[in-house]
$ cat work-v6.cif   # mmCIF, C-alpha atoms
data_work
#
loop_
_atom_site.label_atom_id
_atom_site.label_comp_id
_atom_site.auth_asym_id
_atom_site.auth_seq_id
_atom_site.Cartn_x
_atom_site.Cartn_y
_atom_site.Cartn_z
CA MET A 1 174.45 98.27 93.90
CA ASP A 2 174.12 95.91 90.94
CA PHE A 3 174.60 92.47 92.50
CA ASN A 4 173.87 90.87 89.11
CA LYS A 5 177.12 92.24 87.69
CA ILE A 6 179.63 89.55 86.73
CA ILE A 7 183.12 90.31 88.03
CA ASP A 8 185.99 88.22 86.70
CA ARG A 9 187.93 86.99 89.73
CA HIS A 10 190.43 84.85 87.80
CA ASN A 11 194.13 85.66 88.26
CA THR A 12 193.55 87.50 91.53
CA GLY A 13 194.92 84.75 93.76
CA SER A 14 191.33 83.81 94.63
CA LEU A 15 191.20 80.48 96.42
CA LYS A 16 187.67 79.98 95.15
CA TRP A 17 188.36 80.69 91.47
CA ASP A 18 192.08 80.10 90.86
CA PHE A 19 192.82 77.02 92.96
CA MET A 20 190.03 74.55 92.25
CA ALA A 21 192.46 72.13 90.58
CA ARG A 22 194.15 71.63 93.94
CA TYR A 23 190.92 70.16 95.35
CA PHE A 24 189.01 68.90 92.32
CA GLY A 25 191.78 67.69 89.99
CA GLU A 26 193.17 68.74 86.61
CA GLY A 27 190.79 70.78 84.50
CA ALA A 28 188.73 71.80 87.51
CA ASN A 29 189.28 75.48 86.84
CA GLU A 30 186.56 75.19 84.20
CA LEU A 31 184.01 74.34 86.88
CA LEU A 32 181.64 76.84 88.43
CA PRO A 33 183.01 77.42 91.95
CA MET A 34 180.29 77.26 94.60
CA TRP A 35 182.45 76.04 97.46
CA VAL A 36 184.49 78.67 99.38
CA SER A 37 182.19 80.92 101.43
CA ASP A 38 183.08 84.35 100.07
CA PHE A 39 181.07 86.74 97.89
CA ASP A 40 181.43 87.32 94.17
CA PHE A 41 180.32 90.91 94.76
CA THR A 42 182.43 94.01 95.34
CA CYS A 43 182.49 95.26 98.92
CA PRO A 44 180.68 98.53 99.81
CA SER A 45 181.97 101.59 97.96
CA ALA A 46 182.57 103.33 101.30
CA VAL A 47 185.03 100.58 102.21
CA GLN A 48 186.80 100.85 98.87
CA GLU A 49 187.10 104.63 99.27
CA ALA A 50 188.48 104.29 102.80
CA LEU A 51 191.11 101.83 101.59
CA VAL A 52 192.13 104.03 98.65
CA HIS A 53 192.46 107.00 100.98
CA ARG A 54 194.60 105.04 103.44
CA VAL A 55 196.82 103.60 100.70
CA GLY A 56 197.27 107.11 99.35
CA HIS A 57 198.94 108.09 102.62
CA GLY A 58 201.76 105.75 101.70
CA VAL A 59 203.12 105.01 105.20
CA PHE A 60 202.39 101.61 106.74
CA GLY A 61 204.17 101.52 110.05
CA TYR A 62 203.03 99.69 113.16
CA SER A 63 199.33 100.28 113.77
CA GLU A 64 196.87 100.10 116.65
CA ARG A 65 193.07 100.31 116.73
CA PRO A 66 191.98 103.91 117.22
CA GLN A 67 189.05 104.81 119.46
CA ILE A 68 186.84 105.16 116.40
CA TYR A 69 187.29 101.44 115.73
CA PHE A 70 185.80 100.52 119.10
CA ASP A 71 183.06 103.13 118.80
CA ALA A 72 182.02 101.86 115.37
CA LEU A 73 181.94 98.22 116.52
CA ILE A 74 179.93 98.99 119.66
CA ALA A 75 177.45 101.15 117.72
CA TRP A 76 177.01 98.42 115.08
CA PHE A 77 176.05 95.78 117.64
CA LEU A 78 173.75 98.13 119.50
CA THR A 79 171.95 99.29 116.35
CA ARG A 80 171.94 96.03 114.41
CA HIS A 81 171.38 93.51 117.19
CA GLN A 82 170.29 95.54 120.24
CA LEU A 83 173.33 94.13 122.01
CA GLU A 84 175.25 96.34 124.41
CA ILE A 85 178.90 95.43 124.60
CA LYS A 86 181.66 97.09 126.60
CA GLN A 87 184.88 98.27 125.05
CA GLU A 88 187.02 96.32 127.48
CA TRP A 89 185.47 93.07 126.23
CA ILE A 90 186.94 93.57 122.74
CA CYS A 91 190.06 91.53 122.03
CA SER A 92 191.22 91.71 118.40
CA ILE A 93 193.21 89.14 116.47
CA GLU A 94 193.91 88.27 112.84
CA GLY A 95 190.93 86.01 112.17
CA VAL A 96 188.35 83.97 114.06
CA VAL A 97 190.05 80.62 113.45
CA PRO A 98 193.45 81.69 114.89
CA GLY A 99 191.60 83.02 117.94
CA LEU A 100 189.71 79.76 118.39
CA SER A 101 192.98 77.87 118.14
CA LEU A 102 194.57 80.00 120.86
CA LEU A 103 191.51 79.49 123.09
CA VAL A 104 191.64 75.72 122.58
CA GLN A 105 195.26 75.82 123.72
CA MET A 106 194.40 78.11 126.63
CA LEU A 107 191.29 76.39 127.99
CA SER A 108 192.09 72.71 127.51
CA HIS A 109 195.00 70.32 127.89
CA PRO A 110 196.43 67.89 125.31
CA GLY A 111 194.30 64.77 125.15
CA GLU A 112 191.17 66.46 126.47
CA GLY A 113 188.00 66.61 124.40
CA VAL A 114 186.43 69.63 122.73
CA VAL A 115 182.78 69.37 121.64
CA VAL A 116 181.43 70.46 118.26
CA GLN A 117 178.02 69.94 116.72
CA GLY A 118 178.00 68.00 113.46
CA PRO A 119 177.87 68.80 110.65
CA TYR A 120 180.69 71.12 111.69
CA TYR A 121 182.93 73.65 109.94
CA GLY A 122 186.13 71.86 108.93
CA SER A 123 188.43 74.41 110.57
CA PHE A 124 186.91 73.52 113.95
CA SER A 125 188.26 70.01 113.46
CA LYS A 126 191.70 71.38 112.57
CA VAL A 127 192.03 73.67 115.59
CA ILE A 128 191.02 70.78 117.85
CA THR A 129 192.96 67.83 116.43
CA LEU A 130 196.10 69.70 115.30
CA ASN A 131 196.39 71.09 118.82
CA GLY A 132 196.41 67.54 120.21
CA ARG A 133 192.84 67.56 121.56
CA ARG A 134 190.08 65.06 120.84
CA LEU A 135 187.10 66.09 118.73
CA LEU A 136 183.87 65.10 120.48
CA GLU A 137 180.89 65.25 118.13
CA ASN A 138 177.39 66.09 119.28
CA PRO A 139 175.41 65.51 116.04
CA LEU A 140 172.52 67.81 115.29
CA HIS A 141 169.18 66.25 114.44
CA GLU A 142 167.82 67.09 110.99
CA ASP A 143 164.12 67.83 110.79
CA PRO A 144 163.05 67.99 107.11
CA HIS A 145 160.48 70.70 107.86
CA THR A 146 162.14 72.96 110.43
CA GLY A 147 165.84 72.36 109.83
CA TYR A 148 168.39 71.24 112.39
CA GLN A 149 167.77 70.87 116.13
CA MET A 150 170.20 70.40 119.03
CA ASP A 151 170.34 66.96 120.65
CA LEU A 152 170.75 68.06 124.25
CA VAL A 153 170.21 64.56 125.63
CA HIS A 154 173.21 63.30 123.70
CA LEU A 155 175.17 66.44 124.61
CA GLU A 156 174.59 65.88 128.32
CA MET A 157 175.84 62.31 127.93
CA VAL A 158 179.00 63.62 126.24
CA PHE A 159 179.52 66.21 128.99
CA ARG A 160 178.91 63.63 131.74
CA THR A 161 181.13 60.88 130.35
CA GLU A 162 183.94 62.83 128.65
CA HIS A 163 184.26 65.87 130.98
CA PRO A 164 185.28 68.29 128.20
CA PRO A 165 186.40 71.74 129.36
CA LEU A 166 185.30 73.39 126.13
CA MET A 167 182.63 73.47 123.42
CA ILE A 168 182.65 75.38 120.10
CA LEU A 169 179.24 76.57 118.95
CA CYS A 170 178.47 78.00 115.50
CA ASN A 171 175.64 80.56 115.46
CA PRO A 172 174.29 81.10 112.82
CA HIS A 173 175.37 77.60 111.94
CA ASN A 174 177.72 76.78 109.09
CA PRO A 175 176.84 74.79 106.96
CA THR A 176 173.13 74.42 107.79
CA GLY A 177 172.11 78.08 108.18
CA ARG A 178 170.37 77.45 111.52
CA CYS A 179 170.08 80.41 113.93
CA TRP A 180 169.75 79.24 117.51
CA SER A 181 166.93 80.71 119.60
CA ALA A 182 167.32 82.28 123.04
CA GLN A 183 165.64 79.25 124.62
CA GLU A 184 167.95 76.79 122.85
CA LEU A 185 170.99 78.78 123.95
CA GLU A 186 169.74 78.98 127.55
CA ASP A 187 169.21 75.21 127.62
CA LEU A 188 172.71 74.72 126.23
CA LEU A 189 174.23 77.07 128.79
CA GLN A 190 172.42 75.33 131.63
CA LEU A 191 174.28 72.16 130.64
CA CYS A 192 177.56 74.06 130.33
CA GLU A 193 177.05 75.44 133.83
CA THR A 194 176.19 72.04 135.28
CA TYR A 195 179.26 70.38 133.78
CA ASN A 196 181.65 73.38 133.97
CA VAL A 197 182.12 73.80 130.20
CA THR A 198 183.25 77.06 128.58
CA LEU A 199 181.31 77.92 125.42
CA LEU A 200 183.08 79.52 122.45
CA SER A 201 180.45 80.90 120.08
CA ASP A 202 181.54 81.59 116.50
CA GLU A 203 179.08 84.34 115.54
CA ILE A 204 180.76 85.56 112.37
CA TRP A 205 177.55 85.02 110.32
CA ALA A 206 175.36 87.08 112.70
CA ASP A 207 174.54 89.89 110.26
CA LEU A 208 173.56 87.61 107.38
CA LEU A 209 169.95 86.82 108.25
CA LEU A 210 166.94 85.94 106.15
CA PRO A 211 163.90 88.28 106.24
CA GLY A 212 162.03 88.19 109.54
CA GLU A 213 164.73 86.18 111.34
CA GLN A 214 166.57 87.30 114.45
CA PHE A 215 170.06 86.59 115.73
CA THR A 216 170.57 85.83 119.42
CA SER A 217 174.13 86.01 120.71
CA VAL A 218 175.30 84.14 123.79
CA LEU A 219 175.93 87.67 125.12
CA HIS A 220 172.22 88.53 124.82
CA LEU A 221 171.40 86.12 127.63
CA GLY A 222 172.68 88.16 130.53
CA GLU A 223 175.50 88.44 133.04
CA ARG A 224 174.75 85.10 134.65
CA TRP A 225 176.59 83.39 131.78
CA HIS A 226 179.42 85.87 131.29
CA SER A 227 181.95 83.79 133.19
CA ARG A 228 181.74 80.98 130.63
CA VAL A 229 180.90 82.50 127.22
CA ILE A 230 183.09 84.04 124.51
CA SER A 231 181.70 85.45 121.26
CA ALA A 232 183.82 85.55 118.08
CA THR A 233 182.88 88.26 115.57
CA SER A 234 184.16 90.08 112.49
CA ALA A 235 183.07 92.43 109.71
CA SER A 236 184.70 90.12 107.18
CA LYS A 237 181.88 87.71 106.37
CA THR A 238 179.23 90.43 106.37
CA PHE A 239 180.97 92.80 103.98
CA GLY A 240 183.13 90.48 101.87
CA LEU A 241 186.45 91.38 103.53
CA SER A 242 187.81 87.88 104.20
CA THR A 243 191.38 88.60 103.14
CA LEU A 244 191.50 91.83 105.21
CA ARG A 245 191.89 89.82 108.34
CA ILE A 246 190.80 91.14 111.70
CA ALA A 247 188.37 89.55 114.15
CA ASN A 248 187.08 90.51 117.58
CA PHE A 249 186.63 88.14 120.48
CA LEU A 250 184.14 89.57 122.97
CA ILE A 251 185.14 88.27 126.41
CA PRO A 252 183.15 89.66 129.37
CA ALA A 253 184.96 87.63 132.06
CA THR A 254 188.01 89.55 133.27
CA THR A 255 190.06 86.44 134.08
CA LEU A 256 189.41 84.81 130.68
CA ARG A 257 190.09 88.07 128.89
CA GLU A 258 193.40 88.69 130.64
CA GLN A 259 194.47 85.11 129.89
CA PHE A 260 193.62 85.57 126.23
CA LEU A 261 195.46 88.90 125.95
CA ARG A 262 198.56 87.30 127.50
CA ARG A 263 198.27 84.51 124.93
CA LEU A 264 198.15 87.11 122.14
CA ASP A 265 201.27 88.77 123.52
CA ALA A 266 203.03 85.44 123.79
CA HIS A 267 202.46 84.89 120.06
CA GLY A 268 203.38 88.44 119.02
CA LEU A 269 199.84 89.15 117.82
CA ASP A 270 199.68 92.69 119.16
CA VAL A 271 200.19 94.46 115.80
CA PHE A 272 197.19 95.29 113.62
CA ASN A 273 196.84 95.61 109.85
CA ALA A 274 196.07 99.26 109.09
CA LEU A 275 193.96 98.41 106.03
CA SER A 276 191.89 95.85 107.94
CA VAL A 277 191.13 98.41 110.64
CA GLU A 278 190.15 101.09 108.10
CA ALA A 279 187.93 98.66 106.17
CA SER A 280 186.10 97.53 109.31
CA ILE A 281 185.46 101.08 110.51
CA ALA A 282 184.06 102.15 107.14
CA ALA A 283 181.89 99.03 106.91
CA TRP A 284 180.34 99.47 110.36
CA GLN A 285 179.88 103.22 109.97
CA GLN A 286 178.55 103.34 106.40
CA GLY A 287 177.79 99.80 105.24
CA ALA A 288 174.26 99.26 106.60
CA PRO A 289 172.36 100.38 103.45
CA TRP A 290 174.60 98.17 101.28
CA LEU A 291 174.00 95.23 103.62
CA ASP A 292 170.23 95.71 103.64
CA GLU A 293 170.22 95.67 99.85
CA LEU A 294 172.46 92.61 99.82
CA LEU A 295 170.23 90.69 102.24
CA GLY A 296 167.26 91.24 99.95
CA TYR A 297 169.25 89.95 97.00
CA LEU A 298 170.49 86.89 98.91
CA ALA A 299 166.98 86.07 100.12
CA GLU A 300 165.68 86.19 96.55
CA ASN A 301 168.59 84.00 95.41
CA ARG A 302 167.63 81.42 98.03
CA ARG A 303 163.94 81.58 97.19
CA TRP A 304 164.60 81.18 93.47
CA PHE A 305 167.14 78.39 93.86
CA SER A 306 164.94 76.45 96.29
CA GLU A 307 162.03 76.77 93.86
CA GLN A 308 164.18 75.31 91.08
CA VAL A 309 165.23 72.42 93.28
CA ASP A 310 161.61 71.63 94.17
CA GLU A 311 160.53 71.74 90.54
CA TYR A 312 163.40 70.12 88.68
CA LEU A 313 165.56 68.09 91.09
CA PRO A 314 163.50 65.28 92.64
CA TRP A 315 166.66 63.75 94.10
CA ALA A 316 167.54 66.86 96.14
CA ARG A 317 166.08 68.52 99.23
CA VAL A 318 166.92 72.01 100.52
CA VAL A 319 167.39 72.19 104.29
CA PRO A 320 165.43 75.09 105.86
CA ALA A 321 167.63 77.93 107.11
CA GLN A 322 167.33 81.23 108.97
CA GLY A 323 170.65 82.78 108.04
CA THR A 324 173.91 82.77 106.03
CA TYR A 325 174.18 82.70 102.24
CA LEU A 326 174.91 78.96 102.29
CA LEU A 327 172.49 76.35 100.98
CA TRP A 328 172.73 72.88 102.55
CA LEU A 329 171.42 70.35 100.02
CA ASN A 330 170.48 66.76 100.86
CA CYS A 331 171.49 64.55 97.90
CA LYS A 332 171.10 61.15 99.56
CA ALA A 333 168.32 60.08 97.19
CA LEU A 334 170.94 59.73 94.43
CA GLY A 335 172.29 56.69 96.27
CA LEU A 336 175.91 57.72 95.71
CA ASP A 337 178.79 57.61 98.14
CA ASP A 338 180.58 60.89 98.79
CA GLU A 339 183.37 60.29 96.30
CA GLN A 340 180.87 59.43 93.57
CA LEU A 341 178.78 62.47 94.48
CA LYS A 342 181.83 64.73 94.21
CA TRP A 343 182.67 63.59 90.70
CA VAL A 344 179.08 63.63 89.48
CA MET A 345 178.87 67.25 90.61
CA ALA A 346 182.06 68.03 88.70
CA ASP A 347 181.76 65.82 85.61
CA VAL A 348 178.00 66.04 85.01
CA ALA A 349 176.86 69.28 86.67
CA GLY A 350 180.06 71.21 86.05
CA ILE A 351 180.12 72.72 89.54
CA ALA A 352 182.53 72.61 92.46
CA PRO A 353 180.52 72.49 95.71
CA SER A 354 181.71 72.05 99.27
CA MET A 355 181.26 68.35 99.87
CA GLY A 356 179.17 67.49 102.91
CA ASN A 357 181.61 64.89 104.22
CA SER A 358 184.17 67.68 104.76
CA PHE A 359 181.87 68.75 107.62
CA GLY A 360 182.20 65.37 109.35
CA SER A 361 180.17 62.19 109.07
CA ALA A 362 176.91 64.07 109.70
CA GLY A 363 177.44 65.69 106.30
CA ASN A 364 177.62 62.47 104.30
CA GLY A 365 175.33 62.68 101.27
CA PHE A 366 175.06 66.49 101.40
CA ILE A 367 176.64 69.35 99.51
CA ARG A 368 176.98 73.01 100.52
CA LEU A 369 176.43 75.66 97.85
CA ASN A 370 177.39 79.33 98.08
CA LEU A 371 174.48 81.58 97.04
CA GLY A 372 176.52 84.76 97.48
CA CYS A 373 176.90 85.28 93.76
CA PRO A 374 175.13 86.85 90.76
CA ARG A 375 171.91 85.12 89.67
CA ALA A 376 173.53 84.09 86.37
CA TYR A 377 175.83 81.74 88.29
CA LEU A 378 172.87 80.13 90.01
CA GLU A 379 171.11 79.67 86.67
CA ARG A 380 174.21 77.94 85.32
CA ALA A 381 174.36 75.74 88.43
CA VAL A 382 170.71 74.68 88.11
CA GLU A 383 171.18 73.74 84.47
CA GLY A 384 174.12 71.58 85.50
CA LEU A 385 172.24 69.97 88.37
CA LYS A 386 169.36 69.14 86.02
CA ARG A 387 171.80 67.03 84.01
CA ILE A 388 172.38 64.88 87.08
CA ALA A 389 168.69 64.06 87.25
CA TYR A 390 168.72 63.26 83.52
CA THR A 391 171.84 61.09 83.83
CA ALA A 392 170.41 59.19 86.80
CA SER A 393 167.15 58.65 84.92
CA LYS A 394 168.94 57.28 81.83
CA LYS A 395 170.95 54.89 83.96
CA ALA A 396 167.81 53.64 85.65
CA HIS A 397 165.89 53.34 82.33
CA PRO A 398 168.52 52.84 79.61
CA ASN A 399 165.98 51.98 76.90
CA SER A 400 163.66 54.94 77.49
#

$ encode --input "work-v6.cif" --output "structure tokens"
Amino acid sequence: MDFNKIIDRHNTGSLKWDFMARYFGEGANELLPMWVSDFDFTCPSAVQEALVHRVGHGVFGYSERPQIYFDALIAWFLTRHQLEIKQEWICSIEGVVPGLSLLVQMLSHPGEGVVVQGPYYGSFSKVITLNGRRLLENPLHEDPHTGYQMDLVHLEMVFRTEHPPLMILCNPHNPTGRCWSAQELEDLLQLCETYNVTLLSDEIWADLLLPGEQFTSVLHLGERWHSRVISATSASKTFGLSTLRIANFLIPATTLREQFLRRLDAHGLDVFNALSVEASIAAWQQGAPWLDELLGYLAENRRWFSEQVDEYLPWARVVPAQGTYLLWLNCKALGLDDEQLKWVMADVAGIAPSMGNSFGSAGNGFIRLNLGCPRAYLERAVEGLKRIAYTASKKAHPNS
């Protein structure tokens, strides 16, 4: 596939391309959008063909997941991640975030705390606070050379003093791109066991790894932990199917699973989108070659962009990552507050990034950039970011 091909996404209802003015002000639709984490590539041709075939049938009555859906999902995890999952673990719902919200309601009471690791995905904050729970932040520690590390000493203090029933993990981590190792996950689960905390692991980025890196699911660690772990997965992030919403929560513990299924029934979430099911099946069955090609392209995008930052942007530092197509950029050397940083990115660089402070206080002074786009967009972004360095230099030395 030609990932360099420019595809005009304007006037398609794209949040990323058509609604920037809502978040960045009037005239923002002229900016280069590097914020929302979706691809600017077409999805695999096999997925497109499956959708066309299904639409051609013309009947869209109530749908369920056929056996082939479960078979394709199980085979994907076994082949791609050497992870054996059982069909009965698979609980499907329209999206990871709605599922997390239902689990927060199910596994905690109003006023109780739910732990997240900052910088954290903004929707984690929403599903916690809008459900009347308290967000408890366990900030990650940034190492300039190796990326982010867990602060388990602080986490134990939070568990001991706040007695939260629940923690939401992100693995691979959004926005930093960190993939947690088996040892880190075991250490985390030891604490969860000690303090009786259930761990919800958002693993939607699992397939999007950099060369030589490995993904470890909480389900890789054995049956000992099955009573307190839930993995959230989907084909959507991997294959660019975000608007074809279906996600799978893998729940080994029978009691937790039955509770969750009752919660789905209580909300009338037992009907499935026929097109979402068809797209997922086609992606898992036939999408591996497309994904392998994509991962090579994304890795080269990251290498090239990081090289440009090192050479031309002395005020910026790329945080090391093992996965995702997100680049977490430290801009603190500019000495700007987050509001100033936002408008410099827009007015000087001409880009619309995800602002770091939208990921909590641990993101202050950072921006998140989406590298899941043709190289031409990255070249345009670098030229814009170079103007920030020039502007800052002229302000510091007005007579030069």

$ closest_atom_pairs --input "work-v6.cif" --of "range 61-173 of chain A" --to "range 218-240 of chain A" --cutoff "8 Å" --atoms "only C-alpha atoms" --output "tab-separated table"
residue	atom	partner	partner_atom	distance
A:Leu83	CA	A:His220	CA	6.4
A:Gly95	CA	A:Ser234	CA	7.9
A:Val96	CA	A:Ala232	CA	6.3

$ write_last_selection --input "work-v6.cif" --atoms "C-alpha atoms" --output "PDB file, in the frame of the given file"
ATOM      1  CA  LEU A  83     173.330  94.130 122.010  1.00  0.00           C
ATOM      2  CA  GLY A  95     190.930  86.010 112.170  1.00  0.00           C
ATOM      3  CA  VAL A  96     188.350  83.970 114.060  1.00  0.00           C
TER       4      VAL A  96
END

$ resolve_selection --input "work-v6.cif" --expression "the PyMOL selection byres ((chain A and resi 91) around 6)" --output "PyMOL selection string"
chain A and resi 90+92+248-249

$ closest_residue --input "work-v6.cif" --among "A:Pro211, A:Gly360, A:Gly147, A:Gly350" --to "Leu329 in chain A" --atoms "all atoms listed in the file"
A:Gly147

$ atom_distance --input "work-v6.cif" --atom1 "CA of Gly177 in chain A" --atom2 "CA of Trp343 in chain A"
25.0 Å

$ residues_around --input "work-v6.cif" --residues "Tyr120 in chain A" --least-positions-apart "4" --cutoff "7 Å" --atoms "all atoms listed in the file" --output "JSON, numbers by chain"
{"A": [116, 174, 359, 360]}

$ closest_residue --input "work-v6.cif" --among "A:Met34, A:Ala389, A:Met167, A:Leu294" --to "Asp2 in chain A" --atoms "all atoms listed in the file"
A:Leu294

$ resolve_selection --input "work-v6.cif" --expression "the PyMOL selection byres ((chain A and resi 139) around 10)" --output "NGL selection string"
:A and (116-120 or 136-138 or 140-142 or 148-152 or 154-155 or 360-363)

$ atom_distance --input "work-v6.cif" --atom1 "CA of Val309 in chain A" --atom2 "CA of Gly25 in chain A"
27.2 Å

$ resolve_selection --input "work-v6.cif" --expression "the PyMOL selection byres ((chain A and resi 127) around 8)" --output "number ranges by chain"
A: 97, 100-101, 104, 123-126, 128-131

$ residues_around --input "work-v6.cif" --residues "range 37-50 of chain A" --least-positions-apart "4" --cutoff "6 Å" --atoms "only C-alpha atoms" --output "PyMOL selection string"
chain A and resi 239-240+279+282-283+372-373

$ build_atoms --input "work-v6.cif" --residues "range 319-330 of chain A" --atoms "N, CA, C and O atoms" --output "CSV table (one decimal), in the coordinates of the input"
chain,number,residue,atom,x,y,z
A,319,VAL,N,167.6,72.1,102.8
A,319,VAL,CA,167.4,72.2,104.3
A,319,VAL,C,167.0,73.6,104.7
A,319,VAL,O,167.6,74.6,104.3
A,320,PRO,N,165.9,73.8,105.4
A,320,PRO,CA,165.4,75.1,105.9
A,320,PRO,C,166.5,75.8,106.6
A,320,PRO,O,167.3,75.2,107.4
A,321,ALA,N,166.6,77.1,106.5
A,321,ALA,CA,167.6,77.9,107.1
A,321,ALA,C,167.0,79.3,107.6
A,321,ALA,O,166.0,79.7,107.1
A,322,GLN,N,167.7,79.9,108.5
A,322,GLN,CA,167.3,81.2,109.0
A,322,GLN,C,168.4,82.3,108.6
A,322,GLN,O,168.1,83.5,108.7
A,323,GLY,N,169.6,81.8,108.3
A,323,GLY,CA,170.6,82.8,108.0
A,323,GLY,C,171.7,82.2,107.2
A,323,GLY,O,171.7,81.1,106.7
A,324,THR,N,172.8,83.0,106.9
A,324,THR,CA,173.9,82.8,106.0
A,324,THR,C,173.5,82.9,104.6
A,324,THR,O,172.3,83.0,104.2
A,325,TYR,N,174.5,82.8,103.7
A,325,TYR,CA,174.2,82.7,102.2
A,325,TYR,C,174.6,81.3,101.7
A,325,TYR,O,174.8,81.1,100.5
A,326,LEU,N,174.6,80.3,102.6
A,326,LEU,CA,174.9,79.0,102.3
A,326,LEU,C,173.6,78.1,102.1
A,326,LEU,O,172.7,78.3,102.9
A,327,LEU,N,173.6,77.3,101.2
A,327,LEU,CA,172.5,76.4,101.0
A,327,LEU,C,173.0,74.9,101.2
A,327,LEU,O,173.9,74.5,100.6
A,328,TRP,N,172.4,74.2,102.2
A,328,TRP,CA,172.7,72.9,102.6
A,328,TRP,C,171.7,71.9,101.9
A,328,TRP,O,170.5,72.0,102.1
A,329,LEU,N,172.3,71.1,100.9
A,329,LEU,CA,171.4,70.4,100.0
A,329,LEU,C,171.6,68.9,100.3
A,329,LEU,O,172.7,68.3,100.2
A,330,ASN,N,170.5,68.2,100.6
A,330,ASN,CA,170.5,66.8,100.9
A,330,ASN,C,170.4,66.0,99.5
A,330,ASN,O,169.4,66.2,98.8
